[in-house]
Amino acid sequence: MAFLDKLKAGLLKTKNALFGGVQNILKSFVRVDEDLLEELEELLICADVGVGATEDIIDELRDRIKDGRLKEKEQVMDTLREILTGMIGEGEPLKLETTPSVVLVIGVNGAGKTTSIGKIANSLKKSGKKVVVAAADTFRAAAIDQLGVWCERAGVDMIRQGEGSDPAAVVYDAVNYAKNKQADVLLVDTAGRLHNKKNLMNELAKINRVIDRELPGASRENLLVLDATTGQNAVLQAKEFRHAAELSGLILTKLDGTAKGGIVLSIKKELNIPVKFIGVGEKIDDMEPFDADEFVSALFSL
């Protein structure tokens, strides 16, 4: 199954909740007016598009009504599609300009961090990249073992030490292994224990010092994994993590398990951090780089 088909299937709950609701609203109105906009506003907020993003969408619809570009209710769907595509903007691929490039992955337990790393490693390998994974979340032995299973599935090498090891030491070993093997990408699993932000910041700082020393000038990405099923809590979580790490992108998981796919718009509005990967299933091929056009097309597909 092509990923677009998986995306359509994965976004079905969001599509039914959001655009099924829009269609129902349109059936109840003869013309596009302020009452219609109020109904749309409530629907968008309930779909976790977020208050700020919803206000922008409604304001744009209102402007188009005033200047005559939106006259008939039959135009509403196409207009919404155009507005949403513009709000999400162009996708931003990973910056992998050096050999190796480094991608740090952060996220709380349960968000899907470990599986995301395995899936991204698989995606990168399929695109022709040589990938090494550093198991630097050493807080739980089970997490290291689980990551090892995913790396084995993806067919990539993983560098690990025992539970409780210094994460920076794991990264040091992994950096040197990646250099020796001439790997294209080093994926680093990092701790996401946000309940102690100071320790997290110190841990990330140590890891970054090792990378800066051993790979000066390397392309870098700091990606945060967010669970889409948590809705607006994911936005709050991202705001907290942004204080602990300089985030360059987001990985949005479990979109297939929620009607809250509108969170993509809320994230863009509130954080202006690009979504770089989305996950729509449990299988190793169920994660791909985020494509705004594909995402909106899946939402509006028949």
# chains A, B, ... in the order shown; residues from 1 in each chain; ligands from 1
call {"tool": "residues_around", "arguments": {"residues": "Ala53 of chain A", "least_positions_apart": "2", "cutoff": "12 Å", "atoms": "only C-alpha atoms", "output": "MDAnalysis selection string"}}
result
chainID A and resid 41 44:45 47:51 55:60 83:84 86:88 262:272
call {"tool": "residues_around", "arguments": {"residues": "Thr99 of chain A", "least_positions_apart": "2", "cutoff": "12 Å", "atoms": "only C-alpha atoms", "output": "list in words"}}
result
Lys95, Leu96, Glu97, Ser101, Val102, Lys129, Lys130, Val131, Val132, Val175, Ala178, Lys179, Asn180, Lys181, Gln182, Ala183, Asp184, Val185, Leu186, Leu215, Pro216, Gly217, Ala218, Ser219 and Arg220 of chain A
call {"tool": "write_last_selection", "arguments": {"atoms": "N, CA, C and O atoms", "output": "short mmCIF file (atom, residue, chain, number, x, y, z; two decimals), in the first residue's frame"}}
result
data_model
loop_
_atom_site.label_atom_id
_atom_site.label_comp_id
_atom_site.auth_asym_id
_atom_site.auth_seq_id
_atom_site.Cartn_x
_atom_site.Cartn_y
_atom_site.Cartn_z
N LYS A 95 17.83 18.10 7.51
CA LYS A 95 19.08 18.67 6.99
C LYS A 95 20.19 17.65 7.21
O LYS A 95 20.68 17.47 8.33
N LEU A 96 20.56 16.99 6.14
CA LEU A 96 21.57 15.92 6.21
C LEU A 96 22.68 16.23 5.22
O LEU A 96 22.91 15.51 4.27
N GLU A 97 23.37 17.33 5.48
CA GLU A 97 24.33 17.85 4.51
C GLU A 97 25.75 17.37 4.74
O GLU A 97 26.61 17.56 3.89
N SER A 101 25.65 13.16 9.43
CA SER A 101 24.77 14.16 10.04
C SER A 101 24.20 13.54 11.31
O SER A 101 24.17 12.32 11.45
N VAL A 102 23.76 14.40 12.23
CA VAL A 102 23.30 13.91 13.53
C VAL A 102 21.84 14.31 13.76
O VAL A 102 21.49 15.49 13.57
N LYS A 129 20.55 5.82 2.61
CA LYS A 129 21.46 6.30 3.64
C LYS A 129 21.99 5.15 4.50
O LYS A 129 21.28 4.20 4.78
N LYS A 130 23.25 5.28 4.90
CA LYS A 130 23.82 4.35 5.87
C LYS A 130 23.60 4.95 7.25
O LYS A 130 24.05 6.06 7.55
N VAL A 131 22.91 4.20 8.13
CA VAL A 131 22.43 4.75 9.40
C VAL A 131 23.02 3.99 10.59
O VAL A 131 23.12 2.76 10.57
N VAL A 132 23.40 4.75 11.61
CA VAL A 132 23.82 4.19 12.90
C VAL A 132 22.93 4.81 13.98
O VAL A 132 22.63 6.01 13.93
N VAL A 175 29.49 8.08 17.79
CA VAL A 175 30.08 9.04 16.85
C VAL A 175 31.31 8.44 16.18
O VAL A 175 31.47 8.50 14.95
N ALA A 178 30.30 5.70 13.81
CA ALA A 178 29.73 6.27 12.58
C ALA A 178 30.82 6.82 11.67
O ALA A 178 30.76 6.66 10.43
N LYS A 179 31.82 7.46 12.26
CA LYS A 179 32.92 7.99 11.44
C LYS A 179 33.70 6.85 10.79
O LYS A 179 34.03 6.91 9.59
N ASN A 180 34.00 5.82 11.57
CA ASN A 180 34.77 4.70 11.04
C ASN A 180 34.02 3.96 9.94
O ASN A 180 34.63 3.48 8.97
N LYS A 181 32.72 3.88 10.07
CA LYS A 181 31.89 3.16 9.09
C LYS A 181 31.43 4.07 7.96
O LYS A 181 30.73 3.62 7.04
N GLN A 182 31.83 5.36 8.04
CA GLN A 182 31.41 6.35 7.05
C GLN A 182 29.89 6.37 6.88
O GLN A 182 29.36 6.37 5.77
N ALA A 183 29.21 6.38 8.02
CA ALA A 183 27.74 6.43 8.02
C ALA A 183 27.27 7.82 7.58
O ALA A 183 27.93 8.83 7.81
N ASP A 184 26.09 7.83 6.97
CA ASP A 184 25.51 9.10 6.53
C ASP A 184 24.77 9.81 7.66
O ASP A 184 24.77 11.03 7.74
N VAL A 185 24.13 9.02 8.52
CA VAL A 185 23.29 9.60 9.58
C VAL A 185 23.51 8.86 10.89
O VAL A 185 23.53 7.63 10.92
N LEU A 186 23.68 9.64 11.97
CA LEU A 186 23.71 9.10 13.32
C LEU A 186 22.43 9.54 14.01
O LEU A 186 22.20 10.73 14.23
N LEU A 215 32.42 15.95 16.12
CA LEU A 215 31.91 16.18 14.76
C LEU A 215 31.65 17.67 14.54
O LEU A 215 30.52 18.11 14.32
N PRO A 216 32.71 18.47 14.59
CA PRO A 216 32.51 19.92 14.42
C PRO A 216 31.93 20.21 13.03
O PRO A 216 32.37 19.67 12.03
N GLY A 217 30.92 21.07 13.01
CA GLY A 217 30.32 21.46 11.73
C GLY A 217 29.32 20.48 11.15
O GLY A 217 28.81 20.69 10.05
N ALA A 218 29.01 19.41 11.89
CA ALA A 218 28.06 18.42 11.38
C ALA A 218 26.66 19.00 11.32
O ALA A 218 26.27 19.81 12.16
N SER A 219 25.88 18.59 10.31
CA SER A 219 24.46 18.96 10.25
C SER A 219 23.76 18.36 11.46
O SER A 219 24.00 17.21 11.82
N ARG A 220 22.86 19.16 12.06
CA ARG A 220 22.22 18.73 13.30
C ARG A 220 20.71 18.93 13.22
O ARG A 220 20.22 19.91 12.69
#
call {"tool": "closest_residue", "arguments": {"among": "A:Lys198, A:Asn122, A:Glu221, A:Val76", "to": "Asp33 of chain A", "atoms": "only C-alpha atoms"}}
result
A:Val76
call {"tool": "residues_around", "arguments": {"residues": "Arg62 of chain A", "least_positions_apart": "5", "cutoff": "12 Å", "atoms": "only C-alpha atoms", "output": "PyMOL selection string"}}
result
chain A and resi 32-38+40-41+55-57+67-71+76+79-80
call {"tool": "select_by_dssp", "arguments": {"residues": "segment 92-195 of chain A", "states": "strand (DSSP E or B)", "output": "PyMOL selection string"}}
result
chain A and resi 101-106+131-135+157-159+185-189
call {"tool": "write_last_selection", "arguments": {"atoms": "all heavy atoms", "output": "short mmCIF file (atom, residue, chain, number, x, y, z; two decimals), in the first residue's frame"}}
result
data_model
loop_
_atom_site.label_atom_id
_atom_site.label_comp_id
_atom_site.auth_asym_id
_atom_site.auth_seq_id
_atom_site.Cartn_x
_atom_site.Cartn_y
_atom_site.Cartn_z
N SER A 101 25.65 13.16 9.43
CA SER A 101 24.77 14.16 10.04
C SER A 101 24.20 13.54 11.31
O SER A 101 24.17 12.32 11.45
CB SER A 101 23.65 14.54 9.08
OG SER A 101 24.16 15.13 7.90
N VAL A 102 23.76 14.40 12.23
CA VAL A 102 23.30 13.91 13.53
C VAL A 102 21.84 14.31 13.76
O VAL A 102 21.49 15.49 13.57
CB VAL A 102 24.17 14.45 14.68
CG1 VAL A 102 23.68 13.90 16.02
CG2 VAL A 102 25.63 14.11 14.46
N VAL A 103 21.03 13.35 14.16
CA VAL A 103 19.63 13.61 14.49
C VAL A 103 19.37 13.14 15.92
O VAL A 103 19.42 11.94 16.20
CB VAL A 103 18.67 12.89 13.52
CG1 VAL A 103 17.21 13.17 13.89
CG2 VAL A 103 18.95 13.29 12.07
N LEU A 104 19.15 14.10 16.83
CA LEU A 104 18.78 13.77 18.21
C LEU A 104 17.27 13.67 18.31
O LEU A 104 16.55 14.52 17.79
CB LEU A 104 19.27 14.85 19.18
CG LEU A 104 20.65 14.68 19.80
CD1 LEU A 104 21.73 14.81 18.74
CD2 LEU A 104 20.89 15.71 20.90
N VAL A 105 16.79 12.61 18.96
CA VAL A 105 15.35 12.41 19.11
C VAL A 105 14.99 12.41 20.59
O VAL A 105 15.58 11.69 21.39
CB VAL A 105 14.90 11.08 18.45
CG1 VAL A 105 13.38 10.94 18.54
CG2 VAL A 105 15.35 11.03 16.99
N ILE A 106 14.01 13.27 20.93
CA ILE A 106 13.60 13.48 22.32
C ILE A 106 12.12 13.16 22.43
O ILE A 106 11.37 13.34 21.46
CB ILE A 106 13.84 14.96 22.73
CG1 ILE A 106 15.27 15.39 22.43
CG2 ILE A 106 13.53 15.19 24.20
CD1 ILE A 106 15.47 16.89 22.43
N VAL A 131 22.91 4.20 8.13
CA VAL A 131 22.43 4.75 9.40
C VAL A 131 23.02 3.99 10.59
O VAL A 131 23.12 2.76 10.57
CB VAL A 131 20.88 4.67 9.47
CG1 VAL A 131 20.37 5.26 10.78
CG2 VAL A 131 20.25 5.38 8.28
N VAL A 132 23.40 4.75 11.61
CA VAL A 132 23.82 4.19 12.90
C VAL A 132 22.93 4.81 13.98
O VAL A 132 22.63 6.01 13.93
CB VAL A 132 25.30 4.49 13.20
CG1 VAL A 132 25.67 4.05 14.62
CG2 VAL A 132 26.20 3.81 12.18
N VAL A 133 22.51 3.99 14.94
CA VAL A 133 21.65 4.46 16.03
C VAL A 133 22.41 4.36 17.34
O VAL A 133 23.04 3.34 17.64
CB VAL A 133 20.35 3.64 16.10
CG1 VAL A 133 19.53 4.04 17.33
CG2 VAL A 133 19.52 3.83 14.83
N ALA A 134 22.34 5.43 18.15
CA ALA A 134 22.94 5.44 19.49
C ALA A 134 21.84 5.31 20.53
O ALA A 134 20.93 6.13 20.60
CB ALA A 134 23.71 6.74 19.71
N ALA A 135 21.92 4.27 21.35
CA ALA A 135 20.92 4.02 22.40
C ALA A 135 21.32 4.81 23.65
O ALA A 135 21.78 4.25 24.65
CB ALA A 135 20.82 2.54 22.70
N ASP A 157 22.85 -0.59 12.30
CA ASP A 157 23.68 -0.86 13.48
C ASP A 157 23.26 0.01 14.65
O ASP A 157 22.89 1.18 14.47
CB ASP A 157 25.15 -0.61 13.16
CG ASP A 157 25.71 -1.59 12.14
OD1 ASP A 157 25.11 -2.67 11.98
OD2 ASP A 157 26.73 -1.27 11.50
N MET A 158 23.33 -0.56 15.85
CA MET A 158 23.03 0.19 17.06
C MET A 158 24.20 0.09 18.04
O MET A 158 24.73 -0.99 18.27
CB MET A 158 21.76 -0.34 17.73
CG MET A 158 21.33 0.49 18.94
SD MET A 158 19.86 -0.15 19.78
CE MET A 158 20.62 -1.27 20.96
N ILE A 159 24.57 1.23 18.62
CA ILE A 159 25.62 1.28 19.63
C ILE A 159 24.95 1.44 20.99
O ILE A 159 24.14 2.35 21.19
CB ILE A 159 26.58 2.45 19.37
CG1 ILE A 159 27.16 2.36 17.96
CG2 ILE A 159 27.68 2.47 20.42
CD1 ILE A 159 27.88 1.06 17.65
N VAL A 185 24.13 9.02 8.52
CA VAL A 185 23.29 9.60 9.58
C VAL A 185 23.51 8.86 10.89
O VAL A 185 23.53 7.63 10.92
CB VAL A 185 21.79 9.52 9.22
CG1 VAL A 185 20.95 10.22 10.29
CG2 VAL A 185 21.51 10.13 7.85
N LEU A 186 23.68 9.64 11.97
CA LEU A 186 23.71 9.10 13.32
C LEU A 186 22.43 9.54 14.01
O LEU A 186 22.20 10.73 14.23
CB LEU A 186 24.93 9.61 14.09
CG LEU A 186 24.98 9.25 15.59
CD1 LEU A 186 24.98 7.74 15.79
CD2 LEU A 186 26.18 9.90 16.26
N LEU A 187 21.56 8.57 14.32
CA LEU A 187 20.32 8.82 15.06
C LEU A 187 20.57 8.57 16.54
O LEU A 187 21.05 7.50 16.91
CB LEU A 187 19.22 7.87 14.58
CG LEU A 187 18.38 8.26 13.36
CD1 LEU A 187 17.52 7.07 12.94
CD2 LEU A 187 17.51 9.46 13.66
N VAL A 188 20.26 9.56 17.38
CA VAL A 188 20.55 9.45 18.80
C VAL A 188 19.25 9.45 19.60
O VAL A 188 18.48 10.42 19.57
CB VAL A 188 21.44 10.61 19.29
CG1 VAL A 188 21.75 10.47 20.78
CG2 VAL A 188 22.74 10.65 18.48
N ASP A 189 19.00 8.35 20.32
CA ASP A 189 17.86 8.27 21.23
C ASP A 189 18.27 8.92 22.54
O ASP A 189 19.25 8.51 23.17
CB ASP A 189 17.48 6.81 21.45
CG ASP A 189 16.25 6.65 22.33
OD1 ASP A 189 15.54 7.65 22.52
OD2 ASP A 189 16.00 5.53 22.82
#
call {"tool": "residues_around", "arguments": {"residues": "Gly281 of chain A", "least_positions_apart": "6", "cutoff": "10 Å", "atoms": "only C-alpha atoms", "output": "PyMOL selection string"}}
result
chain A and resi 6-7+9-10+253-257+287
call {"tool": "write_last_selection", "arguments": {"atoms": "all heavy atoms", "output": "PDB file, in the first residue's frame"}}
result
ATOM      1  N   LYS A   6      -2.113   4.853   3.001  1.00  0.00           N
ATOM      2  CA  LYS A   6      -2.046   4.655   4.455  1.00  0.00           C
ATOM      3  C   LYS A   6      -2.428   5.938   5.189  1.00  0.00           C
ATOM      4  O   LYS A   6      -3.103   5.900   6.223  1.00  0.00           O
ATOM      5  CB  LYS A   6      -0.627   4.241   4.868  1.00  0.00           C
ATOM      6  CG  LYS A   6      -0.196   2.861   4.393  1.00  0.00           C
ATOM      7  CD  LYS A   6       1.212   2.566   4.882  1.00  0.00           C
ATOM      8  CE  LYS A   6       1.714   1.221   4.376  1.00  0.00           C
ATOM      9  NZ  LYS A   6       3.086   0.941   4.820  1.00  0.00           N
ATOM     10  N   LEU A   7      -1.989   7.062   4.632  1.00  0.00           N
ATOM     11  CA  LEU A   7      -2.290   8.351   5.251  1.00  0.00           C
ATOM     12  C   LEU A   7      -3.788   8.625   5.224  1.00  0.00           C
ATOM     13  O   LEU A   7      -4.374   9.069   6.212  1.00  0.00           O
ATOM     14  CB  LEU A   7      -1.528   9.465   4.531  1.00  0.00           C
ATOM     15  CG  LEU A   7      -1.590  10.865   5.134  1.00  0.00           C
ATOM     16  CD1 LEU A   7      -1.066  10.869   6.559  1.00  0.00           C
ATOM     17  CD2 LEU A   7      -0.794  11.847   4.278  1.00  0.00           C
ATOM     18  N   ALA A   9      -6.157   6.401   5.115  1.00  0.00           N
ATOM     19  CA  ALA A   9      -6.771   5.497   6.092  1.00  0.00           C
ATOM     20  C   ALA A   9      -6.496   5.967   7.516  1.00  0.00           C
ATOM     21  O   ALA A   9      -7.371   5.938   8.386  1.00  0.00           O
ATOM     22  CB  ALA A   9      -6.255   4.072   5.884  1.00  0.00           C
ATOM     23  N   GLY A  10      -5.262   6.413   7.759  1.00  0.00           N
ATOM     24  CA  GLY A  10      -4.868   6.843   9.100  1.00  0.00           C
ATOM     25  C   GLY A  10      -5.564   8.111   9.553  1.00  0.00           C
ATOM     26  O   GLY A  10      -5.789   8.311  10.747  1.00  0.00           O
ATOM     27  N   THR A 253       3.164  11.194  16.068  1.00  0.00           N
ATOM     28  CA  THR A 253       2.841   9.767  16.018  1.00  0.00           C
ATOM     29  C   THR A 253       1.351   9.521  16.285  1.00  0.00           C
ATOM     30  O   THR A 253       0.636  10.390  16.779  1.00  0.00           O
ATOM     31  CB  THR A 253       3.649   8.979  17.065  1.00  0.00           C
ATOM     32  OG1 THR A 253       3.234   9.384  18.383  1.00  0.00           O
ATOM     33  CG2 THR A 253       5.138   9.232  16.909  1.00  0.00           C
ATOM     34  N   LYS A 254       0.908   8.315  15.954  1.00  0.00           N
ATOM     35  CA  LYS A 254      -0.420   7.795  16.297  1.00  0.00           C
ATOM     36  C   LYS A 254      -1.560   8.609  15.694  1.00  0.00           C
ATOM     37  O   LYS A 254      -2.657   8.684  16.272  1.00  0.00           O
ATOM     38  CB  LYS A 254      -0.576   7.698  17.822  1.00  0.00           C
ATOM     39  CG  LYS A 254       0.574   6.931  18.497  1.00  0.00           C
ATOM     40  CD  LYS A 254       0.403   6.844  19.996  1.00  0.00           C
ATOM     41  CE  LYS A 254       1.639   6.259  20.676  1.00  0.00           C
ATOM     42  NZ  LYS A 254       1.528   6.193  22.132  1.00  0.00           N
ATOM     43  N   LEU A 255      -1.333   9.201  14.526  1.00  0.00           N
ATOM     44  CA  LEU A 255      -2.398   9.951  13.866  1.00  0.00           C
ATOM     45  C   LEU A 255      -3.566   9.051  13.480  1.00  0.00           C
ATOM     46  O   LEU A 255      -4.701   9.518  13.352  1.00  0.00           O
ATOM     47  CB  LEU A 255      -1.852  10.647  12.614  1.00  0.00           C
ATOM     48  CG  LEU A 255      -1.222  12.023  12.837  1.00  0.00           C
ATOM     49  CD1 LEU A 255      -0.451  12.463  11.598  1.00  0.00           C
ATOM     50  CD2 LEU A 255      -2.271  13.062  13.188  1.00  0.00           C
ATOM     51  N   ASP A 256      -3.278   7.759  13.304  1.00  0.00           N
ATOM     52  CA  ASP A 256      -4.339   6.824  12.931  1.00  0.00           C
ATOM     53  C   ASP A 256      -5.265   6.504  14.095  1.00  0.00           C
ATOM     54  O   ASP A 256      -6.362   5.978  13.895  1.00  0.00           O
ATOM     55  CB  ASP A 256      -3.732   5.515  12.400  1.00  0.00           C
ATOM     56  CG  ASP A 256      -2.769   4.890  13.404  1.00  0.00           C
ATOM     57  OD1 ASP A 256      -1.900   5.625  13.912  1.00  0.00           O
ATOM     58  OD2 ASP A 256      -2.876   3.682  13.662  1.00  0.00           O
ATOM     59  N   GLY A 257      -4.860   6.832  15.310  1.00  0.00           N
ATOM     60  CA  GLY A 257      -5.644   6.471  16.478  1.00  0.00           C
ATOM     61  C   GLY A 257      -6.452   7.612  17.050  1.00  0.00           C
ATOM     62  O   GLY A 257      -6.946   7.524  18.169  1.00  0.00           O
ATOM     63  N   MET A 287       5.697   5.246   8.702  1.00  0.00           N
ATOM     64  CA  MET A 287       6.154   6.603   9.013  1.00  0.00           C
ATOM     65  C   MET A 287       6.918   7.147   7.821  1.00  0.00           C
ATOM     66  O   MET A 287       7.752   6.458   7.234  1.00  0.00           O
ATOM     67  CB  MET A 287       7.026   6.624  10.268  1.00  0.00           C
ATOM     68  CG  MET A 287       7.584   8.008  10.604  1.00  0.00           C
ATOM     69  SD  MET A 287       8.315   8.073  12.259  1.00  0.00           S
ATOM     70  CE  MET A 287       6.839   8.156  13.264  1.00  0.00           C
TER      71      MET A 287
END
call {"tool": "residues_around", "arguments": {"residues": "Lys113 of chain A", "least_positions_apart": "3", "cutoff": "12 Å", "atoms": "only C-alpha atoms", "output": "tab-separated table (two decimals) with C-alpha atoms, in the first residue's frame"}}
result
chain	number	residue	atom	x	y	z
A	104	LEU	CA	18.78	13.77	18.21
A	105	VAL	CA	15.35	12.41	19.11
A	106	ILE	CA	13.60	13.48	22.32
A	107	GLY	CA	10.24	12.48	23.78
A	108	VAL	CA	8.49	11.30	26.90
A	109	ASN	CA	7.85	7.62	27.54
A	110	GLY	CA	4.73	6.48	25.74
A	116	SER	CA	9.77	6.37	15.71
A	117	ILE	CA	13.56	6.05	15.70
A	118	GLY	CA	13.30	2.54	14.26
A	119	LYS	CA	10.87	3.69	11.58
A	120	ILE	CA	12.95	6.75	10.64
A	135	ALA	CA	20.92	4.02	22.40
A	137	ASP	CA	18.37	6.77	26.69
A	143	ALA	CA	14.01	0.78	26.30
A	144	ILE	CA	17.48	-0.17	25.02
A	146	GLN	CA	13.21	-2.43	22.44
A	147	LEU	CA	15.30	-0.04	20.36
A	150	TRP	CA	13.58	-2.01	15.90
A	187	LEU	CA	20.32	8.82	15.06
A	188	VAL	CA	20.55	9.45	18.80
A	189	ASP	CA	17.86	8.27	21.23
A	190	THR	CA	17.89	10.66	24.20
A	191	ALA	CA	16.08	10.72	27.52
A	192	GLY	CA	12.78	12.53	27.71
A	223	LEU	CA	13.39	16.28	16.87
A	224	LEU	CA	10.64	16.00	19.48
A	225	VAL	CA	8.22	13.07	19.33
A	226	LEU	CA	4.60	14.00	20.12
A	227	ASP	CA	1.62	11.68	20.54
A	250	LEU	CA	8.59	17.44	15.35
A	251	ILE	CA	7.61	13.80	14.84
A	252	LEU	CA	3.86	13.33	15.15
A	253	THR	CA	2.84	9.77	16.02
A	254	LYS	CA	-0.42	7.79	16.30
A	277	PHE	CA	7.69	13.00	10.17
A	279	GLY	CA	3.25	8.07	11.81
call {"tool": "closest_residue", "arguments": {"among": "A:Glu203, A:Asp212, A:Gly91, A:Val30", "to": "Phe290 of chain A", "atoms": "only C-alpha atoms"}}
result
A:Gly91
call {"tool": "closest_residue", "arguments": {"among": "A:Gly261, A:Arg64, A:Val235, A:Gly164", "to": "Val296 of chain A", "atoms": "only C-alpha atoms"}}
result
A:Gly261
call {"tool": "residues_around", "arguments": {"residues": "Ala205 of chain A", "least_positions_apart": "4", "cutoff": "12 Å", "atoms": "only C-alpha atoms", "output": "ChimeraX atom specification"}}
result
/A:104,167-168,190,198-201,209-212,244-246
call {"tool": "atom_distance", "arguments": {"atom1": "atom CA of Lys206 of chain A", "atom2": "atom CA of Ser165 of chain A"}}
result
13.3 Å
call {"tool": "residues_around", "arguments": {"residues": "segment 20-26 of chain A", "least_positions_apart": "4", "cutoff": "7 Å", "atoms": "only C-alpha atoms", "output": "VMD selection string"}}
result
chain A and resid 15 to 16 40 43 73
call {"tool": "write_last_selection", "arguments": {"atoms": "C-alpha atoms", "output": "PDB file, in the first residue's frame"}}
result
ATOM      1  CA  LYS A  15     -11.517  13.489   8.306  1.00  0.00           C
ATOM      2  CA  ASN A  16     -14.861  12.160   9.527  1.00  0.00           C
ATOM      3  CA  LEU A  40     -17.431  26.186  11.692  1.00  0.00           C
ATOM      4  CA  LEU A  43     -16.237  22.492  14.950  1.00  0.00           C
ATOM      5  CA  LYS A  73     -21.695  27.516   0.392  1.00  0.00           C
TER       6      LYS A  73
END
call {"tool": "atom_distance", "arguments": {"atom1": "atom CA of Ala121 of chain A", "atom2": "atom CA of Val156 of chain A"}}
result
7.2 Å
call {"tool": "select_by_dssp", "arguments": {"residues": "segment 53-259 of chain A", "states": "helix (DSSP H, G or I)", "output": "ChimeraX atom specification"}}
result
/A:53-66,73-88,113-126,141-154,167-180,194-214,228-230,232-244,255-257
call {"tool": "atom_distance", "arguments": {"atom1": "atom CA of Ile284 of chain A", "atom2": "atom CA of Arg153 of chain A"}}
result
7.9 Å
call {"tool": "closest_residue", "arguments": {"among": "A:Ala174, A:Ala259, A:Leu4, A:Ala169", "to": "Pro289 of chain A", "atoms": "only C-alpha atoms"}}
result
A:Leu4
call {"tool": "closest_residue", "arguments": {"among": "A:Thr98, A:Thr115, A:Arg213, A:Met77", "to": "Lys283 of chain A", "atoms": "only C-alpha atoms"}}
result
A:Thr115
call {"tool": "closest_residue", "arguments": {"among": "A:Gln232, A:Thr138, A:Ser248, A:Thr258", "to": "Ile273 of chain A", "atoms": "only C-alpha atoms"}}
result
A:Ser248
